[in-house]
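The data block below is work-v7.cif; it holds mmCIF, C-alpha atoms.
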data_entry
#
loop_
_atom_site.label_atom_id
_atom_site.label_comp_id
_atom_site.auth_asym_id
_atom_site.auth_seq_id
_atom_site.Cartn_x
_atom_site.Cartn_y
_atom_site.Cartn_z
CA MET A 1 14.59 -12.53 2.72
CA ASN A 2 17.65 -14.81 2.81
CA TYR A 3 16.71 -16.52 -0.43
CA TYR A 4 18.77 -13.91 -2.26
CA PRO A 5 22.54 -13.66 -2.02
CA GLU A 6 24.03 -10.99 0.21
CA SER A 7 24.90 -8.55 -2.59
CA ILE A 8 21.32 -8.52 -3.91
CA LEU A 9 19.94 -8.05 -0.39
CA LYS A 10 22.27 -5.10 0.15
CA LEU A 11 21.07 -3.36 -3.00
CA ILE A 12 17.41 -4.06 -2.14
CA GLN A 13 18.09 -2.53 1.27
CA SER A 14 19.72 0.62 -0.07
CA LEU A 15 17.11 1.13 -2.81
CA SER A 16 14.36 0.86 -0.17
CA THR A 17 15.68 4.03 1.45
CA LEU A 18 14.49 6.03 -1.59
CA PRO A 19 11.11 7.80 -1.30
CA GLY A 20 8.17 5.82 -2.68
CA ILE A 21 10.28 2.68 -3.13
CA GLY A 22 9.07 -0.15 -0.91
CA ARG A 23 10.61 -3.56 -0.39
CA LYS A 24 8.80 -5.13 -3.37
CA THR A 25 9.71 -2.37 -5.80
CA ALA A 26 13.31 -2.41 -4.57
CA GLU A 27 13.41 -6.17 -5.19
CA ARG A 28 12.09 -5.71 -8.74
CA LEU A 29 14.59 -2.91 -9.42
CA ALA A 30 17.52 -4.91 -8.04
CA LEU A 31 16.65 -7.92 -10.21
CA HIS A 32 16.25 -5.64 -13.21
CA ILE A 33 19.69 -4.16 -12.58
CA LEU A 34 21.09 -7.67 -12.17
CA HIS A 35 19.88 -8.64 -15.63
CA ALA A 36 20.52 -5.29 -17.31
CA PRO A 37 23.62 -4.80 -19.47
CA LEU A 38 26.67 -3.88 -17.39
CA HIS A 39 27.02 -0.43 -18.97
CA GLU A 40 23.45 0.52 -17.97
CA ALA A 41 24.03 -0.45 -14.35
CA GLU A 42 27.38 1.34 -14.31
CA ALA A 43 25.73 4.43 -15.80
CA ILE A 44 23.29 4.65 -12.89
CA ALA A 45 26.07 4.21 -10.33
CA SER A 46 28.37 6.77 -11.93
CA ASP A 47 25.54 9.27 -12.50
CA ILE A 48 24.74 9.12 -8.78
CA LEU A 49 28.36 9.79 -7.84
CA GLU A 50 28.74 12.56 -10.45
CA LEU A 51 25.59 14.24 -9.18
CA LYS A 52 26.85 14.28 -5.61
CA LYS A 53 30.24 15.56 -6.73
CA ARG A 54 29.25 18.19 -9.25
CA VAL A 55 25.97 19.82 -8.27
CA LYS A 56 26.37 22.98 -6.24
CA LEU A 57 24.42 26.21 -5.90
CA CYS A 58 24.63 29.11 -8.32
CA VAL A 59 26.50 31.94 -6.55
CA ARG A 60 23.95 34.53 -7.70
CA CYS A 61 20.51 32.93 -7.49
CA PHE A 62 21.23 29.72 -5.50
CA ALA A 63 19.67 27.48 -8.13
CA LEU A 64 21.15 23.99 -8.53
CA SER A 65 24.05 24.19 -10.93
CA ASP A 66 27.06 22.29 -12.21
CA THR A 67 28.88 25.57 -12.74
CA GLU A 68 29.52 28.71 -10.69
CA HIS A 69 26.69 30.56 -12.44
CA CYS A 70 23.62 28.54 -13.35
CA GLN A 71 22.31 28.24 -16.90
CA ILE A 72 19.66 30.88 -16.31
CA CYS A 73 22.00 33.45 -14.76
CA SER A 74 24.45 32.90 -17.64
CA ASN A 75 21.76 33.17 -20.32
CA ILE A 76 22.07 36.64 -21.88
CA ASN A 77 18.63 36.31 -23.49
CA ARG A 78 16.87 36.41 -20.14
CA ASP A 79 15.67 39.60 -18.54
CA ARG A 80 18.05 40.49 -15.68
CA SER A 81 15.73 43.22 -14.41
CA LEU A 82 13.10 40.70 -13.27
CA ILE A 83 13.64 38.49 -10.22
CA CYS A 84 11.22 35.72 -9.33
CA VAL A 85 11.60 34.66 -5.69
CA VAL A 86 10.86 31.00 -4.91
CA GLU A 87 11.38 28.77 -1.89
CA ASN A 88 13.00 25.76 -3.55
CA PRO A 89 14.65 24.56 -6.77
CA THR A 90 11.58 22.38 -7.45
CA ASP A 91 9.35 25.50 -7.39
CA MET A 92 11.69 27.09 -9.89
CA ALA A 93 11.46 23.96 -12.07
CA ALA A 94 7.65 24.19 -11.97
CA ILE A 95 7.73 27.80 -13.18
CA GLU A 96 10.30 26.97 -15.89
CA LYS A 97 8.11 24.10 -17.11
CA SER A 98 5.29 26.56 -17.72
CA GLY A 99 7.62 28.59 -19.92
CA VAL A 100 5.94 31.91 -19.07
CA PHE A 101 8.77 33.57 -17.15
CA HIS A 102 11.89 34.91 -18.83
CA GLY A 103 13.64 36.70 -16.01
CA HIS A 104 16.02 35.49 -13.31
CA TYR A 105 15.30 33.64 -10.09
CA HIS A 106 16.24 33.86 -6.45
CA ILE A 107 15.95 30.64 -4.47
CA LEU A 108 15.46 31.32 -0.77
CA GLY A 109 16.03 27.76 0.38
CA GLY A 110 12.88 27.75 2.52
CA ALA A 111 10.30 30.06 4.03
CA LEU A 112 10.10 32.00 7.28
CA SER A 113 8.83 29.75 10.06
CA PRO A 114 9.57 31.03 13.56
CA MET A 115 8.01 27.89 15.06
CA ASP A 116 10.73 25.79 13.39
CA GLY A 117 13.43 28.30 14.21
CA ILE A 118 13.67 29.62 10.65
CA GLY A 119 14.08 33.39 10.82
CA PRO A 120 15.23 35.90 8.15
CA ASP A 121 18.88 34.88 8.65
CA GLU A 122 18.21 31.20 8.00
CA ILE A 123 17.01 31.72 4.43
CA ARG A 124 18.67 33.78 1.69
CA LEU A 125 16.77 37.02 2.24
CA ARG A 126 19.81 39.22 2.81
CA GLU A 127 21.25 38.05 -0.51
CA LEU A 128 17.92 38.85 -2.19
CA PHE A 129 17.79 42.40 -0.79
CA LEU A 130 21.40 43.03 -1.81
CA ARG A 131 20.67 41.75 -5.33
CA ALA A 132 17.47 43.75 -5.61
CA ARG A 133 19.12 47.00 -4.54
CA ALA A 134 22.49 46.61 -6.25
CA LYS A 135 21.44 46.21 -9.87
CA ASP A 136 18.85 47.75 -12.18
CA ILE A 137 16.02 45.60 -10.91
CA ARG A 138 12.61 46.56 -12.27
CA GLU A 139 10.37 44.02 -10.57
CA VAL A 140 10.50 41.36 -7.88
CA ILE A 141 7.82 38.69 -8.35
CA ILE A 142 7.21 36.77 -5.14
CA ALA A 143 6.34 33.15 -5.87
CA THR A 144 6.72 31.65 -2.41
CA GLY A 145 4.13 29.04 -1.35
CA THR A 146 0.54 29.95 -0.51
CA ASP A 147 0.70 28.40 2.96
CA VAL A 148 1.19 30.48 6.12
CA GLU A 149 5.00 30.38 5.89
CA GLY A 150 5.06 31.32 2.22
CA GLU A 151 2.58 34.16 2.79
CA SER A 152 4.50 35.66 5.69
CA THR A 153 7.77 35.37 3.77
CA ALA A 154 6.08 37.24 0.90
CA SER A 155 4.89 40.01 3.26
CA TYR A 156 8.35 40.27 4.80
CA ILE A 157 9.97 40.74 1.39
CA ALA A 158 7.33 43.24 0.26
CA ASP A 159 7.82 45.29 3.48
CA ASN A 160 11.56 45.34 3.07
CA LEU A 161 11.44 46.49 -0.56
CA LYS A 162 8.88 49.24 0.08
CA ASN A 163 10.00 52.70 -1.04
CA THR A 164 12.88 51.35 -3.14
CA GLY A 165 11.18 52.13 -6.44
CA ILE A 166 11.13 48.41 -7.28
CA THR A 167 7.75 46.96 -8.25
CA VAL A 168 6.96 44.08 -5.92
CA SER A 169 4.28 41.65 -7.05
CA ARG A 170 2.82 38.38 -5.86
CA ILE A 171 1.70 35.53 -8.14
CA ALA A 172 -2.09 35.25 -8.32
CA SER A 173 -4.05 32.86 -6.13
CA GLY A 174 -7.39 31.50 -7.26
CA VAL A 175 -9.25 28.57 -8.71
CA PRO A 176 -6.88 26.20 -10.57
CA MET A 177 -7.56 25.90 -14.31
CA GLY A 178 -9.71 22.91 -15.17
CA GLY A 179 -10.73 22.69 -11.52
CA ASP A 180 -14.27 22.02 -10.42
CA LEU A 181 -15.60 24.93 -8.34
CA GLN A 182 -17.33 22.61 -5.87
CA TYR A 183 -14.01 21.21 -4.67
CA VAL A 184 -12.32 24.55 -4.12
CA ASP A 185 -11.63 25.40 -0.47
CA GLN A 186 -12.95 28.58 1.14
CA VAL A 187 -9.67 30.48 1.34
CA THR A 188 -8.88 29.84 -2.31
CA MET A 189 -12.39 30.93 -3.27
CA GLN A 190 -11.99 34.11 -1.23
CA ARG A 191 -8.71 34.84 -3.07
CA ALA A 192 -10.32 34.12 -6.41
CA MET A 193 -13.11 36.61 -5.62
CA GLU A 194 -10.75 39.28 -4.31
CA GLY A 195 -8.47 38.88 -7.30
CA ARG A 196 -11.25 39.06 -9.90
CA ARG A 197 -10.47 40.97 -13.08
CA GLY A 198 -12.64 42.88 -15.57
CA PHE A 199 -13.35 41.13 -18.89
CA MET X 200 13.85 19.87 -18.93
CA ASN X 201 16.86 22.18 -19.12
CA TYR X 202 15.99 23.88 -15.85
CA TYR X 203 18.18 21.29 -14.10
CA PRO X 204 21.94 21.13 -14.46
CA GLU X 205 23.40 18.47 -16.74
CA SER X 206 24.42 16.05 -13.97
CA ILE X 207 20.88 15.94 -12.54
CA LEU X 208 19.41 15.44 -16.02
CA LYS X 209 21.78 12.55 -16.63
CA LEU X 210 20.74 10.78 -13.45
CA ILE X 211 17.04 11.40 -14.20
CA GLN X 212 17.65 9.88 -17.63
CA SER X 213 19.39 6.77 -16.34
CA LEU X 214 16.88 6.20 -13.53
CA SER X 215 14.03 6.42 -16.07
CA THR X 216 15.40 3.27 -17.73
CA LEU X 217 14.35 1.25 -14.66
CA PRO X 218 11.03 -0.59 -14.84
CA GLY X 219 8.07 1.30 -13.39
CA ILE X 220 10.11 4.50 -13.00
CA GLY X 221 8.75 7.30 -15.18
CA ARG X 222 10.19 10.75 -15.74
CA LYS X 223 8.44 12.28 -12.71
CA THR X 224 9.48 9.54 -10.30
CA ALA X 225 13.04 9.66 -11.65
CA GLU X 226 13.08 13.42 -11.02
CA ARG X 227 11.88 12.93 -7.44
CA LEU X 228 14.46 10.19 -6.82
CA ALA X 229 17.30 12.26 -8.29
CA LEU X 230 16.42 15.24 -6.10
CA HIS X 231 16.18 12.96 -3.08
CA ILE X 232 19.63 11.55 -3.82
CA LEU X 233 20.92 15.10 -4.27
CA HIS X 234 19.81 16.05 -0.76
CA ALA X 235 20.57 12.70 0.88
CA PRO X 236 23.76 12.29 2.94
CA LEU X 237 26.76 11.44 0.77
CA HIS X 238 27.23 8.00 2.35
CA GLU X 239 23.66 6.97 1.45
CA ALA X 240 24.11 7.95 -2.19
CA GLU X 241 27.49 6.23 -2.33
CA ALA X 242 25.97 3.10 -0.80
CA ILE X 243 23.45 2.83 -3.63
CA ALA X 244 26.14 3.33 -6.27
CA SER X 245 28.55 0.83 -4.74
CA ASP X 246 25.81 -1.74 -4.08
CA ILE X 247 24.89 -1.60 -7.78
CA LEU X 248 28.49 -2.17 -8.82
CA GLU X 249 29.01 -4.94 -6.24
CA LEU X 250 25.87 -6.71 -7.41
CA LYS X 251 27.03 -6.71 -11.01
CA LYS X 252 30.47 -7.91 -10.00
CA ARG X 253 29.63 -10.57 -7.45
CA VAL X 254 26.36 -12.27 -8.34
CA LYS X 255 26.78 -15.43 -10.38
CA LEU X 256 24.87 -18.69 -10.68
CA CYS X 257 25.21 -21.61 -8.29
CA VAL X 258 27.09 -24.38 -10.11
CA ARG X 259 24.62 -27.03 -8.91
CA CYS X 260 21.14 -25.49 -9.02
CA PHE X 261 21.76 -22.27 -11.00
CA ALA X 262 20.24 -20.05 -8.32
CA LEU X 263 21.64 -16.53 -7.95
CA SER X 264 24.62 -16.69 -5.63
CA ASP X 265 27.64 -14.73 -4.43
CA THR X 266 29.53 -17.99 -3.98
CA GLU X 267 30.19 -21.12 -6.05
CA HIS X 268 27.44 -23.02 -4.24
CA CYS X 269 24.34 -21.06 -3.22
CA GLN X 270 23.14 -20.79 0.36
CA ILE X 271 20.51 -23.47 -0.16
CA CYS X 272 22.86 -25.99 -1.77
CA SER X 273 25.38 -25.40 1.03
CA ASN X 274 22.78 -25.75 3.78
CA ILE X 275 23.19 -29.20 5.33
CA ASN X 276 19.79 -28.93 7.03
CA ARG X 277 17.94 -29.04 3.74
CA ASP X 278 16.74 -32.26 2.15
CA ARG X 279 19.03 -33.11 -0.79
CA SER X 280 16.72 -35.86 -2.01
CA LEU X 281 14.02 -33.39 -3.05
CA ILE X 282 14.43 -31.15 -6.09
CA CYS X 283 11.95 -28.42 -6.90
CA VAL X 284 12.20 -27.34 -10.55
CA VAL X 285 11.38 -23.70 -11.30
CA GLU X 286 11.78 -21.44 -14.31
CA ASN X 287 13.42 -18.41 -12.69
CA PRO X 288 15.12 -17.20 -9.50
CA THR X 289 12.04 -15.08 -8.72
CA ASP X 290 9.88 -18.22 -8.75
CA MET X 291 12.31 -19.78 -6.30
CA ALA X 292 12.09 -16.67 -4.13
CA ALA X 293 8.27 -16.95 -4.12
CA ILE X 294 8.46 -20.56 -2.90
CA GLU X 295 11.11 -19.71 -0.29
CA LYS X 296 8.91 -16.87 1.01
CA SER X 297 6.14 -19.38 1.70
CA GLY X 298 8.58 -21.36 3.84
CA VAL X 299 6.93 -24.73 3.01
CA PHE X 300 9.71 -26.33 1.01
CA HIS X 301 12.90 -27.64 2.57
CA GLY X 302 14.59 -29.38 -0.31
CA HIS X 303 16.87 -28.13 -3.06
CA TYR X 304 16.01 -26.29 -6.25
CA HIS X 305 16.85 -26.47 -9.91
CA ILE X 306 16.46 -23.26 -11.89
CA LEU X 307 15.87 -23.92 -15.57
CA GLY X 308 16.35 -20.36 -16.71
CA GLY X 309 13.15 -20.37 -18.76
CA ALA X 310 10.56 -22.73 -20.21
CA LEU X 311 10.28 -24.64 -23.48
CA SER X 312 8.90 -22.40 -26.19
CA PRO X 313 9.55 -23.66 -29.72
CA MET X 314 7.91 -20.53 -31.17
CA ASP X 315 10.64 -18.41 -29.55
CA GLY X 316 13.36 -20.88 -30.49
CA ILE X 317 13.72 -22.22 -26.94
CA GLY X 318 14.17 -25.97 -27.13
CA PRO X 319 15.44 -28.47 -24.51
CA ASP X 320 19.06 -27.41 -25.09
CA GLU X 321 18.36 -23.73 -24.41
CA ILE X 322 17.27 -24.29 -20.81
CA ARG X 323 19.04 -26.34 -18.14
CA LEU X 324 17.17 -29.60 -18.64
CA ARG X 325 20.22 -31.76 -19.31
CA GLU X 326 21.74 -30.58 -16.04
CA LEU X 327 18.47 -31.44 -14.27
CA PHE X 328 18.35 -34.96 -15.67
CA LEU X 329 22.01 -35.54 -14.77
CA ARG X 330 21.36 -34.31 -11.22
CA ALA X 331 18.18 -36.35 -10.86
CA ARG X 332 19.85 -39.58 -11.96
CA ALA X 333 23.26 -39.16 -10.37
CA LYS X 334 22.31 -38.77 -6.71
CA ASP X 335 19.82 -40.35 -4.33
CA ILE X 336 16.91 -38.24 -5.50
CA ARG X 337 13.57 -39.26 -4.06
CA GLU X 338 11.25 -36.74 -5.68
CA VAL X 339 11.26 -34.06 -8.36
CA ILE X 340 8.56 -31.44 -7.81
CA ILE X 341 7.83 -29.51 -10.99
CA ALA X 342 6.93 -25.91 -10.22
CA THR X 343 7.18 -24.38 -13.67
CA GLY X 344 4.53 -21.82 -14.65
CA THR X 345 0.94 -22.75 -15.39
CA ASP X 346 0.97 -21.18 -18.87
CA VAL X 347 1.38 -23.24 -22.05
CA GLU X 348 5.21 -23.08 -21.93
CA GLY X 349 5.38 -24.05 -18.26
CA GLU X 350 2.94 -26.91 -18.76
CA SER X 351 4.78 -28.37 -21.73
CA THR X 352 8.10 -28.06 -19.89
CA ALA X 353 6.53 -29.96 -16.99
CA SER X 354 5.30 -32.73 -19.33
CA TYR X 355 8.72 -32.94 -20.97
CA ILE X 356 10.44 -33.41 -17.60
CA ALA X 357 7.86 -35.95 -16.42
CA ASP X 358 8.30 -37.96 -19.64
CA ASN X 359 12.05 -37.97 -19.35
CA LEU X 360 12.05 -39.15 -15.74
CA LYS X 361 9.50 -41.92 -16.30
CA ASN X 362 10.71 -45.38 -15.24
CA THR X 363 13.63 -43.99 -13.22
CA GLY X 364 12.04 -44.80 -9.86
CA ILE X 365 11.97 -41.10 -9.01
CA THR X 366 8.60 -39.69 -7.94
CA VAL X 367 7.71 -36.82 -10.23
CA SER X 368 5.01 -34.43 -9.02
CA ARG X 369 3.47 -31.16 -10.16
CA ILE X 370 2.38 -28.35 -7.83
CA ALA X 371 -1.41 -28.09 -7.53
CA SER X 372 -3.46 -25.68 -9.62
CA GLY X 373 -6.77 -24.33 -8.38
CA VAL X 374 -8.58 -21.42 -6.86
CA PRO X 375 -6.17 -19.05 -5.04
CA MET X 376 -6.74 -18.79 -1.28
CA GLY X 377 -8.86 -15.81 -0.33
CA GLY X 378 -9.98 -15.52 -3.94
CA ASP X 379 -13.55 -14.86 -4.94
CA LEU X 380 -14.97 -17.75 -7.00
CA GLN X 381 -16.76 -15.43 -9.40
CA TYR X 382 -13.48 -14.02 -10.69
CA VAL X 383 -11.78 -17.35 -11.31
CA ASP X 384 -11.20 -18.18 -14.98
CA GLN X 385 -12.60 -21.36 -16.58
CA VAL X 386 -9.32 -23.25 -16.91
CA THR X 387 -8.41 -22.64 -13.27
CA MET X 388 -11.88 -23.72 -12.20
CA GLN X 389 -11.56 -26.89 -14.25
CA ARG X 390 -8.22 -27.64 -12.55
CA ALA X 391 -9.73 -26.94 -9.15
CA MET X 392 -12.53 -29.40 -9.86
CA GLU X 393 -10.23 -32.09 -11.25
CA GLY X 394 -7.85 -31.71 -8.34
CA ARG X 395 -10.56 -31.89 -5.65
CA ARG X 396 -9.69 -33.78 -2.50
CA GLY X 397 -11.81 -35.66 0.06
CA PHE X 398 -12.38 -33.95 3.39
#

Let me see the structure of the file written as structure tokens.
Amino acid sequence: MNYYPESILKLIQSLSTLPGIGRKTAERLALHILHAPLHEAEAIASDILELKKRVKLCVRCFALSDTEHCQICSNINRDRSLICVVENPTDMAAIEKSGVFHGHYHILGGALSPMDGIGPDEIRLRELFLRARAKDIREVIIATGTDVEGESTASYIADNLKNTGITVSRIASGVPMGGDLQYVDQVTMQRAMEGRRGF
Amino acid sequence: MNYYPESILKLIQSLSTLPGIGRKTAERLALHILHAPLHEAEAIASDILELKKRVKLCVRCFALSDTEHCQICSNINRDRSLICVVENPTDMAAIEKSGVFHGHYHILGGALSPMDGIGPDEIRLRELFLRARAKDIREVIIATGTDVEGESTASYIADNLKNTGITVSRIASGVPMGGDLQYVDQVTMQRAMEGRRGF
């Protein structure tokens, strides 16, 4: 690789550390940046530094935020009495993309996984229970993953909020829309059958 | 997209300007950078800025270089009497990767294309002819592209260096190694036939 000067090699090297960016792609990106207008290259560099400096977690729901309270927690048009519990900010982004939920979120930062040493104290469950009990919360919708860890986290939350008067619900599992039934796995099919609804 | 704070959105936006990086990939990269150690993120940013600041063109061959003379021009083990003419630094990189050439290069910075307003003065042909005539040059190997522009640039160079005593050669065209004959286009096949060699 020593047919490029040192400074290009260094950028190729550091871009290759990004997920899904191999040596060839990194080389193409580095050469693009080399030929791009200076302000474009500087924008990328400064946006990276700004991101690392500014993004923190919302003090209420632990979503990614530039400010103390995230945009959703500060939005007075959203329903404060509904909390949707997710594992990660990306899960929250997926729900927001669908545009069907207008309440608040609670980001756990993971799921219970005793095998990996992640117990109730390692994720933000205590904060969730405090939030749920302190304010006029009507419903907690559990949208943790549908794998073993997500399911047991969901059960744990449901158990803890039993007899509090708060409705606890779990997002539906079943056959994905547009999916071909023949490719659906057994567990999903079982859930789809169990969760069937009258027309 | 307003489920991410401003500083993440800005980075997603600026990463999407890179070639081959769509919105989804940019989102994944931005979130990776967010969770990566600070020094890794800072390395990418500073490598971008360093690249823009340091990389210039070699004063002799116009290759990308951090220094006045590029690594190849400063390498005393390379054959100065051989010049390989290419259109772009990436073409030079491709030849260097193969490891078969041990002379010097001359990077034109493009190919003749009258339709696009690129005449002999727009690319570094004058510099090539000066170099070829000034020093003890034995051979000029023309490795411009095999498209119309590359071919006419090659002819132009060959014409200009006629009767100078310098050997002027053109890299071979033909069937790529490992290629399947049935997928080879007619012009390439014609070149492969014309350029056939005795066993």

Residues of chain X within 8 Å of chain A, counting only C-alpha atoms - could you list those as a VMD selection string? chain X and resid 200 202 to 207 209 to 210 213 to 214 217 to 218 228 231 to 233 237 239 to 251 253 to 254 263 to 265 269 to 271 292 295 to 296

Protein/DNA/RNA residues near (3.0, 33.4, 4.5), cut 12 Å, only C-alpha atoms, as number ranges by chain: A: 87, 110-114, 142-158, 170

Tell me which of A:Phe101, A:Ile83, A:Cys58, A:Pro176 sits closest to Arg131 (chain A), counting all atoms listed in the file.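 That would be A:Ile83, the residue with the smallest distance to Arg131 (chain A).
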
Using all atoms listed in the file, which protein or nucleic acid residues come within 12 Å of Ala331 (chain X)? Drop anything in the same chain fewer than 2 positions from it, and give the result as a PyMOL selection string. chain X and resi 259-260+279-284+303-305+324-329+333-340+356-357+359-361+363-367

Atom-to-atom span, CA of Asn75 (chain A) and CA of Ile123 (chain A), Å: 25.2 Å

Gap from CA of Gly109 (chain A) to CA of Ile171 (chain A) - Å, one decimal: 18.4 Å

Edge lengths and centre in Å to one decimal, as JSON, of the axis-aligned box that encloses all listed atoms of region 72-76 of chain A with 6 Å added on every side?
{"center_x": 22.1, "center_y": 33.8, "center_z": -18.3, "size_x": 16.8, "size_y": 17.8, "size_z": 19.1}

In Å, with one decimal, what is the gap from CA of Gln186 (chain A) to CA of Gly198 (chain A)?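 These atoms are spaced 22.0 Å apart.
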
For a quick check of understanding, using only C-alpha atoms, which of X:Asp358, X:Val258, X:Ser297, X:Val386 has the smallest distance to Ser273 (chain X)?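 With only C-alpha atoms as the atom set, the closest residue is X:Val258.
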